[in-house]
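The file entry-v3.txt contains compact mmCIF, C-alpha atoms:
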```
# COMPACT_ATOMS: atom_id res chain seq x y z
CA MET E 1 52.92 -47.36 -87.43
CA THR E 2 50.37 -44.95 -86.49
CA TYR E 3 50.92 -42.23 -84.11
CA ASP E 4 48.17 -41.36 -81.72
CA VAL E 5 47.99 -37.63 -81.25
CA SER E 6 45.49 -37.69 -78.44
CA ARG E 7 47.75 -39.92 -76.40
CA TRP E 8 50.63 -37.47 -76.96
CA GLN E 9 48.40 -34.51 -76.01
CA ASP E 10 47.26 -36.20 -72.84
CA ARG E 11 50.76 -37.14 -71.85
CA TYR E 12 52.53 -33.78 -72.56
CA GLN E 13 49.67 -31.34 -72.04
CA PRO E 14 50.54 -30.59 -68.38
CA TYR E 15 54.14 -29.90 -69.41
CA LEU E 16 53.03 -27.64 -72.24
CA ALA E 17 50.69 -25.81 -69.92
CA PHE E 18 53.49 -25.35 -67.39
CA ILE E 19 55.90 -24.13 -70.09
CA SER E 20 53.22 -21.79 -71.47
CA LEU E 21 52.61 -20.48 -67.97
CA ILE E 22 56.36 -19.87 -67.44
CA ILE E 23 56.66 -18.10 -70.80
CA GLY E 24 53.55 -16.01 -70.04
CA LEU E 25 54.82 -15.05 -66.59
CA GLY E 26 58.24 -14.18 -68.05
CA PHE E 27 56.56 -12.01 -70.67
CA VAL E 28 54.43 -10.24 -68.04
CA TYR E 29 57.53 -9.73 -65.89
CA LEU E 30 59.56 -8.28 -68.79
CA VAL E 31 56.75 -6.08 -70.09
CA ILE E 32 55.05 -4.91 -66.89
CA VAL E 33 56.82 -5.75 -63.64
CA TYR E 34 60.46 -5.03 -64.53
CA PRO E 35 59.79 -1.53 -65.99
CA LEU E 36 57.66 -0.69 -62.94
CA THR E 37 60.32 -1.83 -60.45
CA ASP E 38 63.02 -0.05 -62.43
CA ALA E 39 60.98 3.18 -62.45
CA PHE E 40 60.32 2.77 -58.73
CA ARG E 41 64.07 2.32 -58.06
CA ASP E 42 64.90 5.42 -60.14
CA ARG E 43 62.28 7.48 -58.30
CA SER E 44 63.64 6.27 -54.95
CA GLN E 45 67.13 7.40 -55.93
CA GLN E 46 65.80 10.78 -57.07
CA ILE E 47 63.90 11.16 -53.80
CA GLU E 48 67.05 10.37 -51.81
CA ALA E 49 69.07 12.89 -53.85
CA LEU E 50 66.39 15.54 -53.30
CA ARG E 51 66.26 14.77 -49.56
CA PHE E 52 70.03 15.16 -49.36
CA GLN E 53 69.82 18.47 -51.23
CA LEU E 54 66.96 19.60 -48.98
CA GLY E 55 69.12 18.77 -45.96
CA LYS E 56 71.88 21.00 -47.32
CA TYR E 57 69.41 23.83 -47.92
CA GLN E 58 68.05 23.45 -44.39
CA GLN E 59 71.59 23.67 -42.99
CA ILE E 60 72.15 26.84 -44.99
CA GLN E 61 68.82 28.25 -43.83
CA ASP E 62 69.61 27.35 -40.21
CA SER E 63 73.00 29.08 -40.40
CA ARG E 64 71.54 32.14 -42.14
CA ALA E 65 70.71 33.90 -38.88
CA ALA E 66 74.27 33.44 -37.59
CA ILE E 67 75.72 34.64 -40.89
CA ASP E 68 73.42 37.68 -40.91
CA ALA E 69 74.44 38.54 -37.34
CA GLN E 70 78.11 38.20 -38.22
CA HIS E 71 77.63 40.36 -41.32
CA GLU E 72 75.87 43.02 -39.27
CA SER E 73 78.66 43.07 -36.68
CA ILE E 74 81.29 43.42 -39.42
CA GLN E 75 79.34 46.31 -40.95
CA GLN E 76 79.19 48.03 -37.56
CA VAL E 77 82.94 47.64 -37.06
CA VAL E 78 83.63 49.01 -40.54
CA ALA E 79 81.26 51.93 -39.94
CA GLN E 80 82.99 52.74 -36.66
CA GLN E 81 86.45 52.65 -38.20
CA GLN E 82 85.36 54.87 -41.10
CA ASN E 83 88.09 53.50 -43.36
CA PHE E 84 86.09 53.93 -46.54
CA LEU E 85 83.93 56.57 -48.15
CA VAL E 86 80.28 55.59 -48.03
CA GLY E 87 77.69 57.21 -50.27
CA ASP E 88 74.16 56.44 -51.41
CA SER E 89 75.26 56.48 -55.05
CA SER E 90 78.45 56.70 -57.09
CA ALA E 91 77.93 60.44 -57.67
CA VAL E 92 77.57 61.07 -53.93
CA THR E 93 80.72 59.05 -53.22
CA GLU E 94 82.65 60.98 -55.88
CA ALA E 95 81.48 64.29 -54.39
CA LEU E 96 82.44 63.14 -50.89
CA MET E 97 85.91 62.21 -52.10
CA LEU E 98 86.42 65.57 -53.83
CA GLN E 99 85.16 67.40 -50.74
CA LEU E 100 87.55 65.44 -48.53
CA ILE E 101 90.50 66.19 -50.81
CA GLN E 102 89.52 69.85 -50.95
CA GLN E 103 89.39 70.09 -47.13
CA GLN E 104 92.82 68.49 -46.82
CA VAL E 105 94.29 70.75 -49.51
CA GLN E 106 92.87 73.83 -47.78
CA SER E 107 94.24 72.63 -44.43
CA VAL E 108 97.80 72.87 -45.82
CA GLY E 109 97.11 76.34 -47.25
CA SER E 110 96.56 75.61 -50.94
CA GLN E 111 93.70 75.35 -53.40
CA ILE E 112 92.54 72.92 -56.08
CA ARG E 113 93.01 74.35 -59.57
CA THR E 114 91.12 71.68 -61.51
CA SER E 115 89.42 68.39 -60.73
CA GLN E 116 88.27 65.72 -63.15
CA LEU E 117 86.73 62.27 -62.77
CA LEU E 118 88.98 59.96 -64.81
CA SER E 119 86.77 56.91 -65.03
CA SER E 120 83.48 55.73 -63.74
CA ILE E 121 83.45 53.69 -60.59
CA LYS E 122 84.78 50.22 -61.22
CA GLN E 123 84.70 47.13 -59.06
CA ASP E 124 88.05 45.75 -57.94
CA GLU E 125 88.03 42.02 -58.78
CA SER E 126 89.96 41.02 -55.64
CA LEU E 127 87.51 42.92 -53.43
CA ALA E 128 84.32 42.23 -55.39
CA GLY E 129 82.62 40.37 -52.56
CA TYR E 130 83.22 43.18 -50.08
CA GLY E 131 81.51 45.98 -52.01
CA ILE E 132 84.70 48.03 -52.29
CA GLN E 133 84.92 50.17 -55.41
CA GLU E 134 87.63 52.34 -56.93
CA ILE E 135 87.06 55.97 -57.87
CA SER E 136 89.76 57.71 -59.92
CA GLN E 137 89.99 61.50 -59.96
CA ARG E 138 92.59 63.84 -61.37
CA VAL E 139 93.33 66.88 -59.24
CA GLN E 140 95.70 69.70 -60.15
CA LEU E 141 97.15 71.82 -57.36
CA THR E 142 99.72 74.57 -57.02
CA MET E 143 101.75 74.37 -53.81
CA SER E 144 105.22 74.30 -52.34
CA ILE E 145 107.17 71.10 -51.64
CA ALA E 146 106.56 71.54 -47.90
CA GLN E 147 102.81 71.85 -48.51
CA LEU E 148 102.90 68.80 -50.79
CA THR E 149 104.76 66.77 -48.17
CA GLU E 150 102.25 67.77 -45.50
CA LEU E 151 99.29 66.99 -47.80
CA LEU E 152 100.65 63.53 -48.62
CA ARG E 153 101.23 62.82 -44.92
CA ILE E 154 97.65 63.85 -44.11
CA LEU E 155 96.18 61.78 -46.93
CA GLU E 156 98.17 58.70 -45.90
CA THR E 157 97.17 58.87 -42.23
CA HIS E 158 93.65 60.26 -42.52
CA ARG E 159 90.46 58.22 -42.44
CA PRO E 160 88.76 57.32 -44.80
CA ILE E 161 91.57 55.68 -46.71
CA LEU E 162 92.63 57.36 -49.97
CA GLN E 163 95.31 55.91 -52.22
CA ILE E 164 97.43 57.94 -54.58
CA LYS E 165 98.28 55.67 -57.48
CA HIS E 166 99.97 58.22 -59.71
CA LEU E 167 101.69 61.49 -58.80
CA THR E 168 103.25 63.89 -61.29
CA VAL E 169 105.18 66.94 -60.07
CA ASN E 170 105.84 69.78 -62.52
CA PRO E 171 107.83 72.87 -61.51
CA VAL E 172 106.12 76.20 -62.21
CA ARG E 173 108.13 79.26 -63.22
CA GLY E 174 108.29 81.92 -60.60
CA ARG E 175 108.80 81.94 -56.87
CA SER E 176 106.77 82.89 -53.90
CA SER E 177 107.76 83.93 -50.38
CA ASN E 178 107.55 80.29 -49.26
CA GLY E 179 110.00 79.12 -51.89
CA ARG E 180 109.50 77.25 -55.10
CA LEU E 181 105.94 76.49 -56.24
CA LEU E 182 105.05 73.15 -57.72
CA ARG E 183 102.04 71.98 -59.60
CA TYR E 184 101.09 68.31 -59.38
CA CYS E 185 98.30 66.24 -60.79
```
Rewritten as structure tokens:
Amino acid sequence: MTYDVSRWQDRYQPYLAFISLIIGLGFVYLVIVYPLTDAFRDRSQQIEALRFQLGKYQQIQDSRAAIDAQHESIQQVVAQQQNFLVGDSSAVTEALMLQLIQQQVQSVGSQIRTSQLLSSIKQDESLAGYGIQEISQRVQLTMSIAQLTELLRILETHRPILQIKHLTVNPVRGRSSNGRLLRYC
């Protein structure tokens, strides 16, 4: 029995060509088309994410004017109330605080014996966003209990706000015409 190859080629050649075409198209799809469509899909997702982020930034930019106006109005209210010491630098603020304390001490009829800056200005963590800073100074005075009471009342009710975090009262030997003298720091 002889097998005729040409007859087989003629009969199955269209099928082989079709199968070769399918395999070739599949190879082209896997090597060229699929990576391109996948890259296109990834780029489309990145573009959408960037558009969404741009929309957020535009909302922030659009609300910036309103926020700036609100910030300015708050600053004006704070400036009018004069609740806090305001200085161009930390040294100026420290000097303003000492001058304020000195004026109040003189108003009750006493004088500052010594004054010392205890620590540099530090930012209070709970008030960090508001620009409020703490200045610590040690002040030694000699005065009577009545003068001390009056000074504390003035400091508590006076603007700008001053807080006394630590008060030490030491009796001093000797008396004056007003009664007992005390030194506190």
field: Separation of CA of Gly55 in chain E from CA of Ile67 in chain E in Å
entry: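 According to the coordinates, CA of Ile67 in chain E and CA of Gly55 in chain E are separated by 17.9 Å.
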- line: Separating CA of Ser115 in chain E from CA of Gln140 in chain E, to the nearest tenth of an Å, is a gap of 6.4 Å
- prompt: Suppose you want the space between CA of Ser144 in chain E and CA of Ser110 in chain E; what is it in Å?
  reply: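 Separation between CA of Ser144 in chain E and CA of Ser110 in chain E: 8.9 Å.
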query: Given the choices E:Arg43, E:Leu25, E:Ala65, E:Val169, which gets closest to Leu148 in chain E if the distance is worked out from only C-alpha atoms?
result: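 Under the stated criterion, the closest residue is E:Val169.
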query: Nearest to Leu117 in chain E: which of E:Thr93, E:Gln147, E:Thr157, E:Gln70 is it, counting all atoms listed in the file?
result: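 Distance minimum relative to Leu117 in chain E lands on E:Thr93.
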- request: Show which residues sit within 12 Å of Leu100 in chain E, as a VMD selection string. Count all atoms listed in the file, and ignore same-chain residues fewer than 4 positions away.
  value: chain E and resid 84 to 85 93 to 96 104 to 107 112 151 154 to 155 158 to 162
task: Have a look at E:Ala39, E:Val139, E:Val33, E:Ala69 and name the one nearest to Met97 in chain E; count only C-alpha atoms.
output: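 The answer is E:Val139, which sits nearest to Met97 in chain E.
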message: So that I can check the surroundings of Lys165 in chain E, please list as JSON, numbers by chain every protein, DNA and RNA residue that reaches within 12 Å of it, counting only C-alpha atoms and ignoring chain neighbours fewer than 6 positions away.
response: {"E": [134, 135, 136, 137, 138, 156, 185]}
May I ask you to restore N, CA and C atoms in range 11-32 of chain E and write the result as a JSON list (two decimals), in the coordinates of the input?
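Once written, rebuild_20.json looks like this:
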```
[["chain", "number", "residue", "atom", "x", "y", "z"],
["E", 11, "ARG", "N", 49.53, -36.90, -72.59],
["E", 11, "ARG", "CA", 50.76, -37.14, -71.85],
["E", 11, "ARG", "C", 51.56, -35.85, -71.64],
["E", 12, "TYR", "N", 51.67, -34.97, -72.64],
["E", 12, "TYR", "CA", 52.53, -33.78, -72.56],
["E", 12, "TYR", "C", 51.76, -32.47, -72.30],
["E", 13, "GLN", "N", 50.48, -32.55, -72.24],
["E", 13, "GLN", "CA", 49.67, -31.34, -72.04],
["E", 13, "GLN", "C", 50.00, -30.64, -70.72],
["E", 14, "PRO", "N", 50.17, -31.30, -69.61],
["E", 14, "PRO", "CA", 50.54, -30.59, -68.38],
["E", 14, "PRO", "C", 51.90, -29.89, -68.51],
["E", 15, "TYR", "N", 52.83, -30.53, -69.22],
["E", 15, "TYR", "CA", 54.14, -29.90, -69.41],
["E", 15, "TYR", "C", 54.03, -28.67, -70.31],
["E", 16, "LEU", "N", 53.23, -28.78, -71.35],
["E", 16, "LEU", "CA", 53.03, -27.64, -72.24],
["E", 16, "LEU", "C", 52.33, -26.50, -71.52],
["E", 17, "ALA", "N", 51.38, -26.85, -70.68],
["E", 17, "ALA", "CA", 50.69, -25.81, -69.92],
["E", 17, "ALA", "C", 51.66, -25.12, -68.96],
["E", 18, "PHE", "N", 52.51, -25.92, -68.32],
["E", 18, "PHE", "CA", 53.49, -25.35, -67.39],
["E", 18, "PHE", "C", 54.48, -24.45, -68.14],
["E", 19, "ILE", "N", 54.96, -24.91, -69.29],
["E", 19, "ILE", "CA", 55.90, -24.13, -70.09],
["E", 19, "ILE", "C", 55.22, -22.86, -70.59],
["E", 20, "SER", "N", 53.96, -22.97, -71.03],
["E", 20, "SER", "CA", 53.22, -21.79, -71.47],
["E", 20, "SER", "C", 53.03, -20.80, -70.32],
["E", 21, "LEU", "N", 52.76, -21.33, -69.14],
["E", 21, "LEU", "CA", 52.61, -20.48, -67.97],
["E", 21, "LEU", "C", 53.93, -19.76, -67.65],
["E", 22, "ILE", "N", 55.04, -20.47, -67.70],
["E", 22, "ILE", "CA", 56.36, -19.87, -67.44],
["E", 22, "ILE", "C", 56.66, -18.80, -68.48],
["E", 23, "ILE", "N", 56.41, -19.08, -69.73],
["E", 23, "ILE", "CA", 56.66, -18.10, -70.80],
["E", 23, "ILE", "C", 55.74, -16.89, -70.61],
["E", 24, "GLY", "N", 54.49, -17.12, -70.27],
["E", 24, "GLY", "CA", 53.55, -16.01, -70.04],
["E", 24, "GLY", "C", 53.95, -15.15, -68.86],
["E", 25, "LEU", "N", 54.36, -15.81, -67.76],
["E", 25, "LEU", "CA", 54.82, -15.05, -66.59],
["E", 25, "LEU", "C", 56.11, -14.27, -66.90],
["E", 26, "GLY", "N", 57.00, -14.88, -67.65],
["E", 26, "GLY", "CA", 58.24, -14.18, -68.05],
["E", 26, "GLY", "C", 57.92, -12.96, -68.91],
["E", 27, "PHE", "N", 56.97, -13.13, -69.82],
["E", 27, "PHE", "CA", 56.56, -12.01, -70.67],
["E", 27, "PHE", "C", 55.93, -10.89, -69.85],
["E", 28, "VAL", "N", 55.05, -11.24, -68.92],
["E", 28, "VAL", "CA", 54.43, -10.24, -68.04],
["E", 28, "VAL", "C", 55.50, -9.54, -67.20],
["E", 29, "TYR", "N", 56.46, -10.32, -66.69],
["E", 29, "TYR", "CA", 57.53, -9.73, -65.89],
["E", 29, "TYR", "C", 58.35, -8.74, -66.72],
["E", 30, "LEU", "N", 58.73, -9.14, -67.94],
["E", 30, "LEU", "CA", 59.56, -8.28, -68.79],
["E", 30, "LEU", "C", 58.80, -7.06, -69.29],
["E", 31, "VAL", "N", 57.52, -7.19, -69.52],
["E", 31, "VAL", "CA", 56.75, -6.08, -70.09],
["E", 31, "VAL", "C", 56.16, -5.17, -69.02],
["E", 32, "ILE", "N", 55.76, -5.72, -67.89],
["E", 32, "ILE", "CA", 55.05, -4.91, -66.89],
["E", 32, "ILE", "C", 55.84, -4.74, -65.60]]
```
